[in-house]
Structures are given as C-alpha cells and as structure tokens.
Amino acid sequence: MSGEIRFGEALSRALPSVHGKVADERILWMVNEMNGYPNALDWYQRPTDDFPPYRVVSGQLKSVDPQGNLGEVNHPLAAKGRYFLAAPISWLEDAFQMEGNTALVEMQELSAHFAKATGGGGVVCSCSKDEVNRILASFKQNFAALINEVTSKS
C-alpha cells in the first residue's frame with residue numbers, strides 16, 4: 001500500500017493468500033479488479049449492484065483508429081456522459097501516468113459492441129485524471145481494508 005509496487009502486482013501476490021479467509025464475493029472483486037470486469041456491458045443495459053459505483057466516471061467516448069487518431073463515436077450510448085471503467089486496475093494506473101490532465105481508458109467491452117459505429121476501431125473513455133485518481137484511491141482503500149481483515153484473522 002506504500003506505492004512500492006503497482007496495484008495489479010499487489011493483487012496477484014495477495015490473491016493466493018486470501019482464499020478461505022474472506023468471502024467469495026471479496027475474492028471475485030479482487031479478480032475483477034485485477035483482470036477487468038467481464039460483463040461490463042450489463043452496466044449499460046440494466047440497473048444492477050453487481051458493479052462498484054466508484055468505477056463510474058463522467059467523460060466522453062472516443063473512437064480510436066489503427067493509427068491512434070481519436071474520433072467521435074456515433075452511437076446513442078456516446079451521449080450518456082457517464083461510463084463504467086471495466087479495465088483492469090493496472091490499465092487505470094497506466095492512464096493516470098499519461099501526460100496532461102486527461103486520461104484515455106480503453107473500453108474493450110464497447111469496442112466490439114460499437115464496431116459498426118466506429119468503423120471497426122477501438123473505443124476509449126476520455127475523462128479527467130481526477131476521476132481515475134478517485135477510482136485508484138477507492139480501490140486502495142478497499143484493498144487495504146481487505147488486507148487488514150485477513151491479517152487480523154491470522
């Protein structure tokens with residue numbers, strides 16, 4: 001938690017140690033944070049408590065062509081303005097390290113869904129780095145609580 005290693009690495013190191021010591025839902029949370037949330041499209045299609053609210057950001061969807069150029073996304077979901085960042089926590093760490101005040105986070109779950117609207121390119125969420133920092137801080141707080149829970153049982 002001191003910042004000596006990245007969150008993704010900390011998760012992969014901690015995961016084997018928590019089996020049998022915390023509820024399965026907490027382990028699933030760790031796996032989803034480490035690998036990304038696999039059913040993120042569900043967040044857009046129906047209200048559910050299956051996704052952590054701290055991963056919802058205000059931003060804009062942008063298409064990315066093979067050369068890395070950003071463009072507009074012509075899809076009704078692009079007007080939503082709030083998006084669930086399903087990417088692995090390590091990707092969010094990378095986005096936070098980008099130069100400037102804006103982070104670009106790949107939205108794998110939307111890239112395939114929007115293939116026709118983007119001309120086959122990828123989709124990213126463009127948002128403030130403050131939004132990404134808020135997610136990282138929430139993750140760190142939840143992860144520290146989980147580690148403290150496990151160590152207090154030992």
# chains A, B, ... in the order shown; residues from 1 in each chain; ligands from 1

call {"tool": "residues_around", "arguments": {"residues": "Ala137 (chain A)", "least_positions_apart": "5", "cutoff": "12 Å", "atoms": "only C-alpha atoms", "output": "ChimeraX atom specification"}}
result
/A:1,3,7,54-55,89,92-93,96,130-132,142-144

call {"tool": "atom_distance", "arguments": {"atom1": "CA of Gln45 (chain A)", "atom2": "CA of Thr102 (chain A)"}}
result
26.8 Å

call {"tool": "residues_around", "arguments": {"residues": "Val150 (chain A)", "least_positions_apart": "6", "cutoff": "9 Å", "atoms": "only C-alpha atoms", "output": "JSON, numbers by chain"}}
result
{"A": [17, 18, 21, 22]}

call {"tool": "write_last_selection", "arguments": {"atoms": "N, CA and C atoms", "output": "short mmCIF file (atom, residue, chain, number, x, y, z; two decimals), in the first residue's frame"}}
result
data_model
loop_
_atom_site.label_atom_id
_atom_site.label_comp_id
_atom_site.auth_asym_id
_atom_site.auth_seq_id
_atom_site.Cartn_x
_atom_site.Cartn_y
_atom_site.Cartn_z
N SER A 17 -3.21 -15.73 -0.98
CA SER A 17 -3.20 -15.69 0.49
C SER A 17 -4.57 -15.46 1.11
N VAL A 18 -5.53 -15.01 0.32
CA VAL A 18 -6.83 -14.69 0.90
C VAL A 18 -7.86 -15.80 0.73
N LYS A 21 -10.08 -17.14 3.56
CA LYS A 21 -10.01 -16.18 4.66
C LYS A 21 -11.00 -15.03 4.51
N VAL A 22 -11.52 -14.86 3.31
CA VAL A 22 -12.54 -13.82 3.07
C VAL A 22 -13.65 -14.44 2.23
#

call {"tool": "atom_distance", "arguments": {"atom1": "CA of Glu33 (chain A)", "atom2": "CA of Val123 (chain A)"}}
result
19.9 Å

call {"tool": "select_by_dssp", "arguments": {"residues": "chain A", "states": "strand (DSSP E or B)", "output": "list in words"}}
result
Val56, Val57, Ser58, Gly59, Gln60, Leu61, Lys62, Ser63, Val64, Leu70, Gly71, Glu72, Arg82, Tyr83, Phe84, Thr102, Ala103, Leu104, Val105, Glu106, Gly122, Val123, Val124, Cys125, Ser126, Cys127 and Ser128 of chain A

call {"tool": "decode", "arguments": {"residues": "region 22-107 of chain A", "atoms": "C-alpha atoms", "output": "mmCIF file, in the first residue's frame"}}
result
data_model
loop_
_atom_site.group_PDB
_atom_site.id
_atom_site.type_symbol
_atom_site.label_atom_id
_atom_site.label_comp_id
_atom_site.auth_asym_id
_atom_site.auth_seq_id
_atom_site.Cartn_x
_atom_site.Cartn_y
_atom_site.Cartn_z
ATOM 1 C CA VAL A 22 -12.537 -13.821 3.072
ATOM 2 C CA ALA A 23 -15.935 -14.262 1.440
ATOM 3 C CA ASP A 24 -16.039 -15.448 -2.161
ATOM 4 C CA GLU A 25 -17.537 -12.106 -3.235
ATOM 5 C CA ARG A 26 -14.403 -10.333 -1.982
ATOM 6 C CA ILE A 27 -12.199 -12.723 -3.952
ATOM 7 C CA LEU A 28 -14.348 -12.134 -7.038
ATOM 8 C CA TRP A 29 -13.902 -8.380 -6.504
ATOM 9 C CA MET A 30 -10.113 -8.871 -6.407
ATOM 10 C CA VAL A 31 -10.158 -10.972 -9.589
ATOM 11 C CA ASN A 32 -12.339 -8.400 -11.375
ATOM 12 C CA GLU A 33 -10.078 -5.547 -10.302
ATOM 13 C CA MET A 34 -7.018 -7.471 -11.466
ATOM 14 C CA ASN A 35 -8.419 -8.716 -14.809
ATOM 15 C CA GLY A 36 -11.194 -6.232 -15.540
ATOM 16 C CA TYR A 37 -14.942 -6.632 -15.203
ATOM 17 C CA PRO A 38 -16.015 -9.191 -17.835
ATOM 18 C CA ASN A 39 -19.734 -8.363 -18.036
ATOM 19 C CA ALA A 40 -19.465 -4.588 -18.083
ATOM 20 C CA LEU A 41 -21.976 -4.206 -20.917
ATOM 21 C CA ASP A 42 -24.621 -5.225 -18.389
ATOM 22 C CA TRP A 43 -24.000 -1.923 -16.553
ATOM 23 C CA TYR A 44 -25.326 -0.043 -19.577
ATOM 24 C CA GLN A 45 -28.262 -2.348 -20.228
ATOM 25 C CA ARG A 46 -29.846 -2.807 -16.808
ATOM 26 C CA PRO A 47 -29.510 -1.311 -13.338
ATOM 27 C CA THR A 48 -27.622 -3.635 -11.001
ATOM 28 C CA ASP A 49 -25.499 -3.596 -7.872
ATOM 29 C CA ASP A 50 -23.000 -6.016 -9.428
ATOM 30 C CA PHE A 51 -20.553 -3.238 -10.266
ATOM 31 C CA PRO A 52 -18.652 -0.976 -7.870
ATOM 32 C CA PRO A 53 -20.042 2.563 -8.136
ATOM 33 C CA TYR A 54 -16.597 4.099 -7.626
ATOM 34 C CA ARG A 55 -15.686 2.967 -11.176
ATOM 35 C CA VAL A 56 -18.322 5.194 -12.796
ATOM 36 C CA VAL A 57 -16.862 8.362 -14.336
ATOM 37 C CA SER A 58 -18.030 11.396 -16.236
ATOM 38 C CA GLY A 59 -16.380 11.516 -19.619
ATOM 39 C CA GLN A 60 -16.672 11.142 -23.362
ATOM 40 C CA LEU A 61 -16.417 8.117 -25.577
ATOM 41 C CA LYS A 62 -13.944 8.402 -28.430
ATOM 42 C CA SER A 63 -13.150 6.029 -31.251
ATOM 43 C CA VAL A 64 -9.534 5.161 -31.950
ATOM 44 C CA ASP A 65 -8.409 4.202 -35.442
ATOM 45 C CA PRO A 66 -5.455 1.868 -36.095
ATOM 46 C CA GLN A 67 -3.115 4.902 -36.286
ATOM 47 C CA GLY A 68 -4.211 6.086 -32.832
ATOM 48 C CA ASN A 69 -6.297 9.036 -34.017
ATOM 49 C CA LEU A 70 -9.304 9.920 -31.869
ATOM 50 C CA GLY A 71 -12.728 10.469 -33.395
ATOM 51 C CA GLU A 72 -16.351 10.829 -32.436
ATOM 52 C CA VAL A 73 -18.497 7.802 -31.609
ATOM 53 C CA ASN A 74 -21.795 7.826 -33.468
ATOM 54 C CA HIS A 75 -23.930 5.788 -31.087
ATOM 55 C CA PRO A 76 -26.691 6.732 -28.604
ATOM 56 C CA LEU A 77 -24.593 5.448 -25.692
ATOM 57 C CA ALA A 78 -21.941 8.035 -26.529
ATOM 58 C CA ALA A 79 -24.338 10.756 -25.342
ATOM 59 C CA LYS A 80 -24.697 9.141 -21.917
ATOM 60 C CA GLY A 81 -21.796 11.083 -20.367
ATOM 61 C CA ARG A 82 -21.243 8.563 -17.530
ATOM 62 C CA TYR A 83 -19.347 5.344 -18.065
ATOM 63 C CA PHE A 84 -18.259 2.298 -16.109
ATOM 64 C CA LEU A 85 -14.499 1.766 -16.433
ATOM 65 C CA ALA A 86 -14.206 -2.019 -16.556
ATOM 66 C CA ALA A 87 -10.480 -2.070 -17.373
ATOM 67 C CA PRO A 88 -8.002 -3.861 -15.104
ATOM 68 C CA ILE A 89 -6.688 -1.672 -12.297
ATOM 69 C CA SER A 90 -3.221 -1.732 -13.900
ATOM 70 C CA TRP A 91 -4.672 -0.066 -17.016
ATOM 71 C CA LEU A 92 -6.113 2.678 -14.824
ATOM 72 C CA GLU A 93 -2.700 3.139 -13.235
ATOM 73 C CA ASP A 94 -1.252 3.493 -16.747
ATOM 74 C CA ALA A 95 -3.951 6.001 -17.740
ATOM 75 C CA PHE A 96 -3.193 8.069 -14.662
ATOM 76 C CA GLN A 97 0.501 8.193 -15.625
ATOM 77 C CA MET A 98 -0.239 9.695 -19.062
ATOM 78 C CA GLU A 99 0.890 13.253 -19.697
ATOM 79 C CA GLY A 100 -1.665 16.019 -19.336
ATOM 80 C CA ASN A 101 -4.887 16.299 -17.360
ATOM 81 C CA THR A 102 -6.898 13.846 -19.434
ATOM 82 C CA ALA A 103 -6.821 10.068 -19.194
ATOM 83 C CA LEU A 104 -7.752 7.696 -22.003
ATOM 84 C CA VAL A 105 -9.013 4.324 -20.799
ATOM 85 C CA GLU A 106 -9.631 1.504 -23.245
ATOM 86 C CA MET A 107 -13.207 0.231 -23.245
#
